[in-house]
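The file entry_20.txt contains compact mmCIF, C-alpha atoms and all ligand atoms:
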# COMPACT_ATOMS: atom_id res chain seq x y z
CA MET A 96 34.28 136.47 123.92
CA THR A 97 36.70 136.22 121.02
CA ALA A 98 36.64 133.51 118.37
CA PHE A 99 39.83 132.10 119.88
CA ALA A 100 38.28 131.89 123.38
CA ASP A 101 35.26 130.11 121.85
CA ARG A 102 37.50 127.59 120.10
CA LEU A 103 39.38 126.99 123.33
CA ARG A 104 36.21 126.33 125.29
CA ASP A 105 34.94 124.02 122.54
CA LEU A 106 38.21 122.10 122.72
CA ILE A 107 37.94 121.69 126.49
CA ALA A 108 34.25 120.74 126.26
CA LEU A 109 35.20 118.05 123.75
CA GLU A 110 38.47 116.73 125.16
CA GLY A 111 38.19 117.56 128.86
CA PRO A 112 40.47 119.77 130.96
CA ILE A 113 43.88 120.62 129.45
CA THR A 114 47.18 121.13 131.29
CA VAL A 115 48.35 124.63 132.19
CA GLU A 116 51.22 123.95 129.82
CA ARG A 117 48.90 123.33 126.89
CA TYR A 118 46.76 126.32 127.84
CA MET A 119 49.82 128.58 127.87
CA GLY A 120 51.07 127.17 124.58
CA LEU A 121 47.76 127.61 122.74
CA CYS A 122 47.14 131.10 124.15
CA LEU A 123 50.64 132.38 123.44
CA GLN A 124 50.69 131.08 119.90
CA HIS A 125 47.52 133.01 119.17
CA TYR A 126 48.66 136.05 121.13
CA TYR A 127 52.02 136.53 119.40
CA ALA A 128 50.73 135.61 115.94
CA THR A 129 48.07 138.31 115.98
CA ARG A 130 49.80 141.46 117.29
CA ASP A 131 52.94 143.41 118.14
CA PRO A 132 52.62 143.38 121.94
CA LEU A 133 55.59 145.62 122.72
CA GLY A 134 55.94 149.25 123.78
CA ALA A 135 53.85 151.93 125.44
CA ALA A 136 50.83 151.28 123.20
CA GLY A 137 51.09 147.49 123.64
CA ASP A 138 51.05 145.20 126.65
CA PHE A 139 54.63 145.30 127.96
CA THR A 140 57.99 146.99 127.42
CA THR A 141 61.34 145.20 127.29
CA ALA A 142 64.89 146.37 127.98
CA PRO A 143 65.89 146.87 124.32
CA GLU A 144 62.78 149.03 123.84
CA ILE A 145 63.80 151.17 126.83
CA SER A 146 67.27 152.07 125.62
CA GLN A 147 69.71 151.47 122.78
CA MET A 148 72.39 150.99 125.48
CA PHE A 149 71.06 147.50 126.21
CA GLY A 150 71.60 146.06 122.72
CA GLU A 151 74.86 147.97 122.27
CA LEU A 152 76.40 146.49 125.42
CA ILE A 153 75.28 143.02 124.37
CA GLY A 154 76.98 143.71 121.04
CA LEU A 155 80.23 144.48 122.87
CA TRP A 156 79.78 141.28 124.91
CA MET A 157 79.43 139.31 121.67
CA LEU A 158 82.56 140.97 120.22
CA GLU A 159 84.63 140.04 123.24
CA VAL A 160 83.35 136.49 123.32
CA TRP A 161 84.12 136.15 119.60
CA HIS A 162 87.71 137.16 120.41
CA GLY A 163 87.74 134.65 123.27
CA MET A 164 86.66 131.97 120.79
CA GLY A 165 89.71 132.73 118.63
CA ARG A 166 87.84 134.88 116.10
CA PRO A 167 86.19 132.13 114.02
CA ALA A 168 85.85 133.18 110.37
CA ARG A 169 82.18 132.20 110.38
CA VAL A 170 79.84 132.62 113.32
CA ARG A 171 76.09 132.41 113.54
CA LEU A 172 74.55 135.24 115.50
CA ILE A 173 71.27 133.78 116.77
CA GLU A 174 68.45 135.51 118.62
CA LEU A 175 65.51 133.67 120.16
CA GLY A 176 62.27 135.69 120.09
CA PRO A 177 63.64 138.98 118.74
CA GLY A 178 60.42 141.02 119.23
CA ARG A 179 60.74 144.15 117.11
CA GLY A 180 64.36 143.39 116.18
CA THR A 181 65.58 146.35 118.22
CA LEU A 182 68.18 144.46 120.25
CA MET A 183 69.71 142.91 117.13
CA ALA A 184 69.77 146.28 115.31
CA ASP A 185 71.51 147.99 118.26
CA LEU A 186 73.90 145.05 118.65
CA LEU A 187 74.91 145.18 114.97
CA ARG A 188 75.40 148.93 115.11
CA ALA A 189 77.76 148.58 118.09
CA ALA A 190 79.59 145.77 116.27
CA ARG A 191 80.52 148.14 113.44
CA LEU A 192 83.56 148.94 115.62
CA MET A 193 84.90 145.61 114.46
CA PRO A 194 84.44 145.08 110.70
CA ASP A 195 86.09 141.63 110.91
CA PHE A 196 83.35 140.50 113.25
CA LEU A 197 80.60 141.80 110.98
CA ALA A 198 82.23 140.06 108.03
CA ALA A 199 82.13 136.79 109.97
CA VAL A 200 78.51 136.85 111.13
CA SER A 201 75.28 135.66 109.64
CA VAL A 202 72.12 136.53 111.55
CA HIS A 203 69.54 133.88 112.43
CA LEU A 204 66.28 134.87 114.08
CA VAL A 205 64.14 132.22 115.74
CA GLU A 206 60.64 133.68 115.60
CA THR A 207 57.23 132.11 115.13
CA SER A 208 55.11 135.25 114.82
CA PRO A 209 54.56 136.44 111.20
CA THR A 210 53.64 139.90 112.51
CA LEU A 211 56.90 140.30 114.41
CA ARG A 212 58.94 138.80 111.55
CA GLU A 213 57.75 141.71 109.40
CA ARG A 214 58.86 144.24 112.01
CA GLN A 215 62.24 142.55 112.34
CA LYS A 216 62.70 142.58 108.58
CA ALA A 217 61.93 146.29 108.33
CA ILE A 218 64.39 147.32 111.03
CA LEU A 219 67.21 144.97 110.02
CA GLU A 220 67.13 145.71 106.29
CA LYS A 221 69.15 148.83 107.02
CA SER A 222 72.01 146.85 108.56
CA GLY A 223 72.99 145.37 105.19
CA ILE A 224 73.64 141.99 106.84
CA SER A 225 71.94 138.83 105.64
CA VAL A 226 69.19 137.63 107.97
CA GLU A 227 67.39 134.29 107.99
CA TRP A 228 64.30 133.34 109.98
CA HIS A 229 63.59 129.98 111.58
CA ASP A 230 60.71 128.49 113.54
CA ARG A 231 62.95 126.61 115.94
CA LEU A 232 66.55 126.57 117.13
CA GLU A 233 67.04 123.09 115.61
CA ASP A 234 66.45 124.64 112.19
CA VAL A 235 69.47 126.97 112.47
CA PRO A 236 72.33 125.33 110.53
CA PRO A 237 75.32 124.05 112.55
CA GLY A 238 78.47 126.08 113.22
CA PRO A 239 80.00 128.27 115.93
CA ALA A 240 77.26 130.39 117.47
CA LEU A 241 76.66 133.46 119.59
CA LEU A 242 73.11 133.47 120.87
CA VAL A 243 71.03 135.94 122.83
CA ALA A 244 67.55 135.51 124.30
CA ASN A 245 65.92 138.39 126.16
CA GLU A 246 62.50 137.71 127.67
CA PHE A 247 62.15 134.50 125.68
CA PHE A 248 62.22 131.69 128.25
CA ASP A 249 59.49 133.40 130.31
CA ALA A 250 57.17 132.91 127.33
CA LEU A 251 57.66 129.15 127.09
CA PRO A 252 54.85 127.04 128.59
CA VAL A 253 55.36 125.32 131.94
CA ARG A 254 53.60 122.49 133.74
CA GLN A 255 52.29 123.21 137.23
CA PHE A 256 51.70 120.73 140.03
CA MET A 257 49.98 121.30 143.35
CA ALA A 258 50.82 119.54 146.62
CA THR A 259 47.75 117.63 147.80
CA ASP A 260 47.25 114.78 150.25
CA ARG A 261 47.24 112.48 147.20
CA GLY A 262 50.67 113.76 146.06
CA TRP A 263 51.70 116.25 143.32
CA CYS A 264 48.63 116.72 141.10
CA GLU A 265 48.91 118.53 137.78
CA ARG A 266 47.06 121.82 137.49
CA LEU A 267 44.54 121.82 134.66
CA VAL A 268 42.34 124.35 132.93
CA GLY A 269 38.75 123.17 132.60
CA LEU A 270 35.25 124.62 132.43
CA ASP A 271 33.04 125.65 135.31
CA GLN A 272 29.65 126.15 133.61
CA ASP A 273 30.87 128.25 130.70
CA ARG A 274 33.88 129.85 132.36
CA LEU A 275 37.49 128.72 132.34
CA ALA A 276 38.57 127.48 135.77
CA PHE A 277 41.62 125.84 137.30
CA GLY A 278 41.36 122.25 138.48
CA LEU A 279 43.62 119.34 139.38
CA SER A 280 44.27 115.99 137.80
CA PRO A 281 42.92 113.17 139.95
CA GLU A 282 46.08 111.07 139.66
CA PRO A 283 49.30 112.42 141.23
CA GLU A 284 52.60 112.59 139.34
CA LYS A 285 54.85 110.13 141.15
CA SER A 286 58.21 111.29 139.81
CA PHE A 287 58.31 114.37 142.05
CA GLY A 288 58.14 112.34 145.26
CA ASN A 289 55.94 113.26 148.21
CA PRO A 290 55.11 116.90 148.88
CA VAL A 291 56.01 118.38 152.25
CA ARG A 292 53.59 121.28 152.51
CA LEU A 293 50.03 121.06 151.17
CA GLY A 294 49.13 123.83 148.73
CA ASP A 295 52.66 124.32 147.39
CA ILE A 296 52.94 124.81 143.64
CA LEU A 297 55.79 123.29 141.69
CA GLU A 298 56.52 124.61 138.21
CA TRP A 299 58.12 122.28 135.72
CA PRO A 300 59.42 124.13 132.63
CA SER A 301 59.72 121.12 130.32
CA ALA A 302 60.02 123.18 127.11
CA SER A 303 62.76 125.38 128.63
CA ILE A 304 64.69 122.36 129.89
CA THR A 305 64.57 120.69 126.48
CA LEU A 306 65.68 123.92 124.81
CA ALA A 307 68.53 124.49 127.31
CA LYS A 308 69.76 120.96 126.64
CA ASP A 309 69.54 121.36 122.85
CA LEU A 310 71.36 124.64 123.10
CA ALA A 311 74.07 123.21 125.35
CA ARG A 312 74.63 120.23 123.03
CA ARG A 313 75.00 122.60 120.12
CA LEU A 314 77.52 124.83 121.94
CA VAL A 315 79.57 121.86 123.09
CA ARG A 316 79.58 120.37 119.57
CA ASP A 317 80.18 123.52 117.51
CA THR A 318 81.61 125.99 120.11
CA GLY A 319 79.98 129.25 121.11
CA ALA A 320 78.12 131.09 123.83
CA ALA A 321 74.54 131.90 124.77
CA LEU A 322 73.39 134.84 126.85
CA LEU A 323 70.02 134.35 128.55
CA ILE A 324 68.30 137.33 130.16
CA ASP A 325 64.95 137.16 131.87
CA TYR A 326 63.01 137.79 135.02
CA GLY A 327 63.58 134.94 137.34
CA TYR A 328 65.42 133.39 140.25
CA TRP A 329 67.85 130.68 141.29
CA GLY A 330 65.64 127.79 142.44
CA PRO A 331 64.44 125.58 143.89
CA ALA A 332 61.40 127.53 144.98
CA PHE A 333 57.72 126.77 145.23
CA GLY A 334 55.01 129.12 144.05
CA ASP A 335 52.66 130.01 141.24
CA THR A 336 54.43 132.56 139.03
CA LEU A 337 51.99 132.36 136.10
CA GLN A 338 51.00 135.89 135.26
CA ALA A 339 48.98 137.66 132.59
CA LEU A 340 49.69 141.18 131.39
CA LYS A 341 47.60 143.41 129.17
CA ARG A 342 48.15 147.11 128.54
CA HIS A 343 50.82 147.14 131.28
CA ALA A 344 48.41 145.82 133.95
CA TYR A 345 48.11 142.36 135.53
CA LEU A 346 44.94 140.34 135.13
CA ASP A 347 43.63 136.85 135.88
CA PRO A 348 45.52 134.45 133.55
CA LEU A 349 42.20 132.82 132.56
CA ALA A 350 40.31 136.09 131.98
CA GLU A 351 41.28 136.88 128.39
CA PRO A 352 42.78 133.82 126.73
CA GLY A 353 44.98 134.69 123.75
CA GLU A 354 44.54 138.44 124.34
CA ALA A 355 47.00 138.88 127.23
CA ASP A 356 50.68 138.02 127.54
CA LEU A 357 51.18 134.91 129.70
CA THR A 358 54.52 134.29 131.38
CA THR A 359 56.20 132.61 134.31
CA HIS A 360 59.37 133.49 136.19
CA VAL A 361 62.42 131.62 134.93
CA ASP A 362 64.22 129.22 137.27
CA PHE A 363 67.81 129.76 136.10
CA HIS A 364 69.07 126.94 138.30
CA ARG A 365 67.04 124.42 136.29
CA LEU A 366 68.35 125.86 133.02
CA ALA A 367 71.91 125.74 134.38
CA GLN A 368 71.50 122.12 135.51
CA ALA A 369 70.00 121.13 132.16
CA ALA A 370 72.90 122.75 130.27
CA ALA A 371 75.54 121.32 132.62
CA SER A 372 74.08 117.83 132.17
CA GLU A 373 75.05 118.24 128.50
CA ASN A 374 78.57 119.38 129.48
CA ALA A 375 78.20 123.11 128.80
CA LEU A 376 79.92 125.61 131.10
CA VAL A 377 77.65 127.87 133.14
CA HIS A 378 78.52 131.53 133.89
CA GLY A 379 76.54 133.60 136.38
CA MET A 380 73.85 134.06 137.27
CA ALA A 381 74.11 137.80 137.92
CA THR A 382 71.50 140.49 138.30
CA GLN A 383 70.91 142.59 135.20
CA ARG A 384 72.23 145.57 137.16
CA ASP A 385 75.55 143.94 138.04
CA PHE A 386 75.92 142.60 134.52
CA LEU A 387 75.23 145.93 132.78
CA GLN A 388 77.42 147.81 135.22
CA ALA A 389 80.29 145.39 134.64
CA LEU A 390 79.91 145.99 130.90
CA GLY A 391 80.17 149.75 131.47
CA ILE A 392 76.61 151.02 131.12
CA GLU A 393 77.42 154.10 133.19
CA ALA A 394 80.28 155.15 130.93
CA ARG A 395 78.10 154.48 127.89
CA ALA A 396 75.34 156.68 129.33
CA SER A 397 77.82 159.50 130.01
CA SER A 398 79.20 159.39 126.51
CA LEU A 399 75.68 159.46 125.00
CA LYS A 400 74.83 162.42 127.25
CA HIS A 401 77.79 164.41 125.92
CA ARG A 402 76.04 164.55 122.57
CA ALA A 403 72.51 165.01 123.96
CA ASN A 404 70.33 168.05 124.60
CA PRO A 405 68.95 168.45 128.17
CA ALA A 406 65.70 166.57 127.44
CA GLN A 407 67.60 163.70 125.81
CA ALA A 408 70.09 163.63 128.69
CA GLU A 409 67.23 163.28 131.13
CA ALA A 410 65.76 160.42 129.08
CA ILE A 411 69.14 158.65 129.12
CA ASP A 412 69.30 158.96 132.92
CA ARG A 413 65.77 157.61 133.25
CA ALA A 414 66.56 154.64 131.02
CA LEU A 415 69.76 153.91 132.97
CA GLU A 416 67.75 153.97 136.18
CA ARG A 417 65.05 151.68 134.79
CA LEU A 418 67.51 149.11 133.51
CA THR A 419 69.70 148.98 136.61
CA ALA A 420 67.68 149.98 139.69
CA GLY A 421 66.05 147.59 142.16
CA GLY A 422 62.41 147.64 143.26
CA ASP A 423 59.09 146.81 141.67
CA LYS A 424 59.13 149.08 138.66
CA ALA A 425 62.76 148.51 137.77
CA MET A 426 64.51 145.67 136.03
CA GLY A 427 67.92 145.75 137.67
CA GLU A 428 67.27 143.12 140.32
CA LEU A 429 64.27 141.21 139.04
CA PHE A 430 66.05 140.40 135.78
CA LYS A 431 68.93 137.95 135.81
CA VAL A 432 71.63 137.00 133.33
CA LEU A 433 73.10 133.55 132.70
CA ALA A 434 75.58 132.49 130.03
CA LEU A 435 76.28 129.02 128.65
CA THR A 436 79.41 128.20 126.69
CA HIS A 437 81.40 125.28 125.33
CA PRO A 438 83.84 123.96 127.95
CA GLY A 439 86.94 125.70 126.54
CA LEU A 440 85.49 129.18 127.01
CA GLU A 441 86.14 129.94 130.64
CA ASP A 442 85.96 133.73 130.62
CA VAL A 443 83.05 135.81 129.46
CA PRO A 444 82.60 139.51 130.30
CA GLY A 445 80.49 140.43 133.30
CA LEU A 446 79.78 136.91 134.59
CA ALA A 447 81.85 134.61 136.79
CA ALA A 448 82.15 130.93 135.94
CA HIS A 449 79.64 129.19 138.20
CA PRO A 450 81.49 127.46 141.05
CA LEU A 451 78.92 124.72 141.67
CA ILE A 452 78.17 123.58 138.19
CA GLN A 453 81.24 122.49 136.31
CA THR A 454 81.37 120.16 133.38
CA ARG A 455 81.81 116.51 134.27
CA THR A 456 85.03 115.07 132.96
N1 LIG A 501 63.32 139.72 122.87
C1 LIG A 501 62.36 140.74 122.54
C2 LIG A 501 60.90 140.27 122.57
C3 LIG A 501 60.43 139.53 123.79
S1 LIG A 501 58.74 139.00 123.60
C4 LIG A 501 62.58 141.94 123.42
O1 LIG A 501 63.34 141.84 124.37
O2 LIG A 501 61.99 142.99 123.16
C5 LIG A 501 58.91 137.30 123.16
C6 LIG A 501 59.35 137.04 121.74
O3 LIG A 501 59.44 135.63 121.54
C7 LIG A 501 58.43 137.53 120.64
O4 LIG A 501 59.21 137.91 119.53
C8 LIG A 501 57.59 136.28 120.32
O5 LIG A 501 56.97 136.33 119.07
C9 LIG A 501 58.65 135.22 120.42
N2 LIG A 501 58.17 133.88 120.74
C10 LIG A 501 57.34 133.54 121.75
N3 LIG A 501 57.20 132.20 121.82
C11 LIG A 501 57.98 131.69 120.85
C12 LIG A 501 58.28 130.35 120.42
N4 LIG A 501 57.75 129.29 121.03
N5 LIG A 501 59.14 130.19 119.39
C13 LIG A 501 59.71 131.26 118.78
N6 LIG A 501 59.45 132.55 119.13
C14 LIG A 501 58.59 132.76 120.14

Show how you would write the structure in this file as structure tokens.
Ligand code: SAH
Amino acid sequence: MTAFADRLRDLIALEGPITVERYMGLCLQHYYATRDPLGAAGDFTTAPEISQMFGELIGLWMLEVWHGMGRPARVRLIELGPGRGTLMADLLRAARLMPDFLAAVSVHLVETSPTLRERQKAILEKSGISVEWHDRLEDVPPGPALLVANEFFDALPVRQFMATDRGWCERLVGLDQDRLAFGLSPEPEKSFGNPVRLGDILEWPSASITLAKDLARRLVRDTGAALLIDYGYWGPAFGDTLQALKRHAYLDPLAEPGEADLTTHVDFHRLAQAAASENALVHGMATQRDFLQALGIEARASSLKHRANPAQAEAIDRALERLTAGGDKAMGELFKVLALTHPGLEDVPGLAAHPLIQTRT
């Protein structure tokens, strides 16, 4: 047992069972603060770590949206949870096509992990662009914004409720002898109404909803666009999507607290509703495959292959396949893309304005 796991058990022994949300929050804070979890030697691999094409195409998306916004002279380029900084570095490299854009941007990274901040600093120093770090989105100064978040919302803690004959009871993490174990709160949560099917699990991503609303309010007030990419679905849906990943393998989410990545699948419908309730426009959702294909990933792969040796060309094909194919191992269908914008920005590349969720007038 690690020192963190001991502290966690002491806390539960003292205070009683904690919510799944608090468990996720405490574990993830420790997890991200104490390691670089990315890549083959880490716990999981993300799209920007698979291929430079991912960040480059997002850079072109940002360029086009900046044009659509009327080329504001100052724009804040914000990334939530930038990992190793790879996406931002690739994005900025692609944006060199447009010096006016680079002259307009300042980069703002929302990152809580000191370890990952160091990595981001090292990779972005070469870009020559000023970069500031913030703990939270609210700390990023106002102004027109272009924001990207890849695999960020999946890492925000969620509440879970189980359908019982008493109603929706919150799932808790407590102690069974000395081991962590799931339990249920005795009192049901009334605001979700009566469950239909016993055993169903309802996930309530309160932190994500708050963030989507904050983000939407900011875009509506200051203009701009946000591109959210993650594994997830268009709800409503019932089910337990809490998962733990360590060294690229799944494990029991309670087995190694603070030592494994903990995530849930993102319900993009809830994020869209939260943003629309603050009058932002919603675009998408689309699968990552459709989005990247619409942005021209195939042409980008071909042009990279022209300058590649046979081994590099094969690696480019493999990366293209991984980013766009369906199935278990691939990201093309599991990952979805949603954009939020201020109401005046009706066209963004690769995503259709959502027909159901329009701003209220
Ligand atoms: N976007 C990157 C990394 C994804 S991992 C990529 O695609 O490779 C999740 C990232 O979010 C990490 O950088 C982690 O440190 C950061 N993070 C997790 N929870 C956070 C929080 N509550 N606030 C700010 N950053 C957080």

Test item: residues no farther than 8 Å from ligand LIG 501 (chain A), counting all atoms listed in the file, as number ranges by chain: A: 120, 123-124, 127-128, 132-133, 140-144, 174-182, 205-208, 211, 230-231, 244-247, 250-251

Neighbour list for segment 408-421 of chain A as a VMD selection string, cut-off 12 Å, only C-alpha atoms, skip fewer than 3 positions in-chain: chain A and resid 140 to 150 382 to 389 391 to 405 424 to 431

Distance in Å - atom CA of Glu351 of chain A versus atom CA of Glu213 of chain A: 25.6 Å

Spatial neighbours of Pro290 of chain A, 8 Å, all atoms listed in the file, chain gap at least 4 places, as an MDAnalysis selection string: chainID A and resid 258:259 262:263 295

One-decimal distance in Å that lies between atom CA of Phe287 of chain A and atom CA of Pro331 of chain A: 12.9 Å

Separation of atom CA of Leu310 of chain A from atom CA of Glu220 of chain A in Å: 27.3 Å

A:Ile304, A:Leu186, A:Leu172, A:Met257 ranked by distance to Trp228 of chain A, top pick (using only C-alpha atoms):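 Looking at the shortest contact to Trp228 of chain A, the residue is A:Leu172.
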
Residues near Pro444 of chain A, cut-off 8 Å, only C-alpha atoms, skip fewer than 5 positions along chain, as a list in words: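 Non-adjacent residues within range: Trp156, Glu159, Val160, Ala389 and Leu390 of chain A.
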
Long-range neighbours of Arg254 of chain A as a PyMOL selection string, 12 Å cut-off, only C-alpha atoms, 5 positions minimum in chain: chain A and resi 113-120+263-268+279+284+296-304+335-337+359

Among the residues A:Gly353, A:Gly154, A:Pro252, A:Pro112, the one that comes closest to Ala276 of chain A [using all atoms listed in the file]: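 Counting all atoms listed in the file, the residue closest to Ala276 of chain A is A:Pro112.
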
Among listed residues A:Ala190, A:Met157, A:Val170, A:Leu197, nearest Leu322 of chain A (using all atoms listed in the file):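 For Leu322 of chain A, the nearest of the candidates is A:Met157.
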
Of the listed residues A:Ala370, A:Ala344, A:Ala168, A:Val377, that which approaches Phe139 of chain A most closely, counting all atoms listed in the file: A:Ala344
